[in-house]
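Below you'll find the structure, written out as structure tokens, and then a few comments.
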2 protein chains.
Amino acid sequence: MRIGRDNSAGYMANWTARLFARAIDRRLKPLGLSSAHMPVMFALRDGAEMSQKALAQAAAIEQPTMAATLSRMERAGLVQRRPDPDDRRAMLFSLTRPAREKAGAVWAAALEVNDLALSGLAPAERDAFLAMLGRVVANLGAAETD
Amino acid sequence: MRIGRDNSAGYMANWTARLFARAIDRRLKPLGLSSAHMPVMFALRDGAEMSQKALAQAAAIEQPTMAATLSRMERAGLVQRRPDPDDRRAMLFSLTRPAREKAGAVWAAALEVNDLALSGLAPAERDAFLAMLGRVVANLGAAETD
DNA sequence: CCGATTTATATAGCATGCAATGTATTCCAG
DNA sequence: CTGGAATACATTGCATGCTATATAAATCGG
């Protein structure tokens, strides 16, 4: 079997992810946001407060990565942190008012890019696509634990 | 419609790509290689020589990204460059002997991770999955040109 | 209650990716 | 043949992601 570009799932997944990120970033850049901010925006919607660890788990990224993202978002005035009154190791993060006001636009950009990417696929195909992505994530995630 | 994590194609694609890269990197690290080297290894197999621009196109990444990757690969003794005799602006890259000797192991790692990721999917599903990734790439790529 | 372990965050160092820009050649129209 | 446009590469600056490691606080067994 010949593995080139188009029949390597890993390569295609990488390519797809980069195109998604670029499409999102182009739309969010005017708002001072980027694709990495989206999981945080969603997790902290409706005024929720979460620790860095909880945010990292929600975004499925490593803790130092989330620390850096939160640091940049704080610098940009998008999130604020306060000490967790119940755990002096932890910090609780929440969206600032400016960030909350941008949530709608972030939502719209997510929907727009999602729809653009999946155009030409029937609803059942979209479901199947997401299910297969979920299966691949489960397969690779399970293999990491070993 | 509620967009969270599991029903956002962009988020799932990003997650999938990161898991693929980690699985590949874990296997290639003992060889002194990484996932970003794979498109170069494949493009330059069988002693082929290619310019930096041709390699960037083959890998579907931007030129500065390929420049950095080739620079690291050169530092690691994996590729060598020589001036293009027909174009004094261009350089021709090829794999070194040590890199050629690692090509088989790279191939094996790619097949292993591909199979692990797609385990549980029937051959027809795998084909459909790759076809849908191709469709998403085409959709997002076409939108970039605008 | 105490020491060992676990947990939450911080930090360093690096790879991979992008956009924007500079420089040297090449190519093409006139 | 020449000047402007296009092309190939280099460089800068930054974001996103990882691993490995350090530090402080919480937790748990005895």
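Letters A, B, ... go to the chains of the structure tokens in the order shown; residues in each chain start at 1; ligands are counted from 1 in the same order.
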- Query: For chain D, which residues have at least one atom within 10 Å of chain B, if we go by only C-alpha atoms (C1' of nucleotides)? Write them as an NGL selection string, please.
  - Reply: :D and (7-11 or 17-18)
Step one, run DSSP on the backbone; step two, keep only residues of range 56-127 of chain A assigned to strand (DSSP E or B); then write them as a short mmCIF file (atom, residue, chain, number, x, y, z; two decimals) with N, CA and C atoms, in the first residue's frame.
data_model
loop_
_atom_site.label_atom_id
_atom_site.label_comp_id
_atom_site.auth_asym_id
_atom_site.auth_seq_id
_atom_site.Cartn_x
_atom_site.Cartn_y
_atom_site.Cartn_z
N VAL A 79 -9.53 37.60 30.09
CA VAL A 79 -9.88 36.84 31.29
C VAL A 79 -9.28 37.52 32.51
N GLN A 80 -9.83 37.20 33.65
CA GLN A 80 -9.29 37.68 34.92
C GLN A 80 -9.15 36.49 35.84
N ARG A 81 -8.19 36.56 36.74
CA ARG A 81 -7.99 35.45 37.67
C ARG A 81 -8.10 35.95 39.10
N ARG A 82 -8.56 35.09 39.97
CA ARG A 82 -8.58 35.42 41.40
C ARG A 82 -8.25 34.14 42.15
N PRO A 83 -7.65 34.27 43.32
CA PRO A 83 -7.29 33.07 44.08
C PRO A 83 -8.54 32.29 44.45
N MET A 91 -6.15 28.97 41.08
CA MET A 91 -6.68 30.25 40.64
C MET A 91 -7.98 30.00 39.89
N LEU A 92 -8.93 30.90 40.05
CA LEU A 92 -10.20 30.79 39.33
C LEU A 92 -10.23 31.83 38.22
N PHE A 93 -10.51 31.37 37.02
CA PHE A 93 -10.54 32.26 35.85
C PHE A 93 -11.96 32.51 35.42
N SER A 94 -12.19 33.73 34.93
CA SER A 94 -13.49 34.07 34.37
C SER A 94 -13.30 35.08 33.24
N LEU A 95 -14.30 35.20 32.40
CA LEU A 95 -14.22 36.14 31.28
C LEU A 95 -14.45 37.56 31.77
#
- Filtered DSSP result for chain A, state alpha helix (DSSP H), as a ChimeraX atom specification: /A:9-28,38-43,52-59,63-75,97-117,123-145
So that I have them on file, write out the residues from the current selection with C-alpha atoms, as a short mmCIF file (atom, residue, chain, number, x, y, z; two decimals), in the first residue's frame.
data_model
loop_
_atom_site.label_atom_id
_atom_site.label_comp_id
_atom_site.auth_asym_id
_atom_site.auth_seq_id
_atom_site.Cartn_x
_atom_site.Cartn_y
_atom_site.Cartn_z
CA ALA A 9 -5.17 9.91 8.00
CA GLY A 10 -2.55 11.59 10.15
CA TYR A 11 -1.39 13.89 7.42
CA MET A 12 -4.92 14.77 6.36
CA ALA A 13 -5.95 15.41 9.96
CA ASN A 14 -3.01 17.76 10.42
CA TRP A 15 -3.80 19.58 7.20
CA THR A 16 -7.48 19.85 8.10
CA ALA A 17 -6.71 21.20 11.55
CA ARG A 18 -4.37 23.85 10.14
CA LEU A 19 -6.97 24.99 7.62
CA PHE A 20 -9.62 25.16 10.34
CA ALA A 21 -7.36 27.20 12.58
CA ARG A 22 -6.50 29.61 9.80
CA ALA A 23 -10.16 30.06 8.84
CA ILE A 24 -11.09 30.73 12.47
CA ASP A 25 -8.13 32.99 13.09
CA ARG A 26 -8.85 35.14 10.06
CA ARG A 27 -12.34 35.77 11.39
CA LEU A 28 -11.40 36.28 15.04
CA MET A 38 -12.34 29.40 21.78
CA PRO A 39 -12.34 26.49 24.23
CA VAL A 40 -11.80 28.98 27.04
CA MET A 41 -14.55 31.26 25.79
CA PHE A 42 -16.97 28.35 25.62
CA ALA A 43 -16.00 26.85 28.95
CA GLN A 52 -6.60 26.37 35.06
CA LYS A 53 -6.61 22.62 35.43
CA ALA A 54 -10.32 22.33 34.69
CA LEU A 55 -9.87 24.53 31.62
CA ALA A 56 -6.99 22.40 30.39
CA GLN A 57 -9.11 19.29 30.75
CA ALA A 58 -12.06 20.92 28.98
CA ALA A 59 -9.79 21.88 26.08
CA GLN A 63 -1.50 22.33 31.65
CA PRO A 64 1.50 24.43 30.57
CA THR A 65 -0.22 25.11 27.24
CA MET A 66 -3.32 26.35 28.98
CA ALA A 67 -1.21 28.42 31.35
CA ALA A 68 0.35 30.21 28.39
CA THR A 69 -2.98 30.71 26.65
CA LEU A 70 -4.57 32.13 29.80
CA SER A 71 -1.58 34.37 30.32
CA ARG A 72 -1.97 35.81 26.81
CA MET A 73 -5.73 36.17 27.26
CA GLU A 74 -5.16 37.96 30.55
CA ARG A 75 -2.67 40.27 28.89
CA ARG A 97 -16.92 42.01 30.32
CA PRO A 98 -15.23 42.78 26.95
CA ALA A 99 -14.73 39.07 26.38
CA ARG A 100 -18.33 38.29 27.26
CA GLU A 101 -19.44 40.88 24.75
CA LYS A 102 -17.45 39.11 22.05
CA ALA A 103 -18.88 35.68 22.81
CA GLY A 104 -21.67 36.03 20.27
CA ALA A 105 -19.26 36.83 17.48
CA VAL A 106 -17.07 33.89 18.44
CA TRP A 107 -20.08 31.64 18.33
CA ALA A 108 -21.04 32.96 14.90
CA ALA A 109 -17.54 32.44 13.54
CA ALA A 110 -17.49 28.87 14.83
CA LEU A 111 -20.78 28.08 13.16
CA GLU A 112 -19.79 29.76 9.92
CA VAL A 113 -16.48 27.94 9.57
CA ASN A 114 -18.02 24.65 10.62
CA ASP A 115 -20.65 25.00 7.94
CA LEU A 116 -18.16 26.10 5.32
CA ALA A 117 -15.89 23.16 6.05
CA PRO A 123 -26.38 15.84 7.64
CA ALA A 124 -25.93 12.10 8.01
CA GLU A 125 -22.42 12.38 6.56
CA ARG A 126 -21.58 15.17 8.96
CA ASP A 127 -22.69 13.04 11.86
CA ALA A 128 -20.67 10.12 10.56
CA PHE A 129 -17.62 12.36 10.12
CA LEU A 130 -17.82 13.63 13.69
CA ALA A 131 -18.38 10.11 14.97
CA MET A 132 -15.29 8.87 13.15
CA LEU A 133 -13.21 11.75 14.48
CA GLY A 134 -14.45 10.77 17.92
CA ARG A 135 -13.47 7.19 17.31
CA VAL A 136 -9.97 8.16 16.19
CA VAL A 137 -9.56 10.39 19.24
CA ALA A 138 -10.67 7.52 21.47
CA ASN A 139 -8.33 5.07 19.76
CA LEU A 140 -5.28 7.31 19.99
CA GLY A 141 -6.15 8.54 23.46
CA ALA A 142 -6.48 5.01 24.78
CA ALA A 143 -3.11 4.11 23.30
CA GLU A 144 -1.45 6.98 25.17
CA THR A 145 -2.42 5.71 28.57
#
- Task: Provide as a VMD selection string the residues of chain C at most 9 Å from chain B, counting only C-alpha atoms (C1' of nucleotides).
- Result: chain C and resid 15 to 18 24 to 26
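For DT23 in chain D, the list of residues within 10 Å, based on only C-alpha atoms (C1' of nucleotides) and with local chain neighbours fewer than 2 positions off taken out, reads DT9 and DA10 of chain C; DA25 of chain D.
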Using the selection just defined, write its residues with N, CA and C atoms (P, O5', C5', C4', C3', O3' and C1' of nucleotides) as a PDB file, in the first residue's frame.
ATOM      1  P    DT C   9      -4.973  25.368  39.034  1.00  0.00           P
ATOM      2  O5'  DT C   9      -3.518  26.003  38.841  1.00  0.00           O
ATOM      3  C5'  DT C   9      -3.045  26.897  39.838  1.00  0.00           C
ATOM      4  C4'  DT C   9      -1.562  27.107  39.683  1.00  0.00           C
ATOM      5  C3'  DT C   9      -1.118  27.775  38.380  1.00  0.00           C
ATOM      6  O3'  DT C   9      -0.740  29.104  38.687  1.00  0.00           O
ATOM      7  C1'  DT C   9       0.378  26.060  39.074  1.00  0.00           C
ATOM      8  P    DA C  10      -0.080  30.043  37.564  1.00  0.00           P
ATOM      9  O5'  DA C  10       1.482  29.692  37.656  1.00  0.00           O
ATOM     10  C5'  DA C  10       2.166  29.854  38.877  1.00  0.00           C
ATOM     11  C4'  DA C  10       3.664  29.688  38.643  1.00  0.00           C
ATOM     12  C3'  DA C  10       4.191  30.442  37.415  1.00  0.00           C
ATOM     13  O3'  DA C  10       5.371  31.123  37.800  1.00  0.00           O
ATOM     14  C1'  DA C  10       4.754  28.133  37.259  1.00  0.00           C
TER      15       DA C  10
ATOM     16  P    DA D  25       2.109  28.090  50.047  1.00  0.00           P
ATOM     17  O5'  DA D  25       0.902  27.057  49.974  1.00  0.00           O
ATOM     18  C5'  DA D  25      -0.015  27.185  48.891  1.00  0.00           C
ATOM     19  C4'  DA D  25      -0.823  25.928  48.787  1.00  0.00           C
ATOM     20  C3'  DA D  25      -1.479  25.499  50.100  1.00  0.00           C
ATOM     21  O3'  DA D  25      -2.856  25.346  49.853  1.00  0.00           O
ATOM     22  C1'  DA D  25      -0.312  23.688  49.094  1.00  0.00           C
TER      23       DA D  25
END
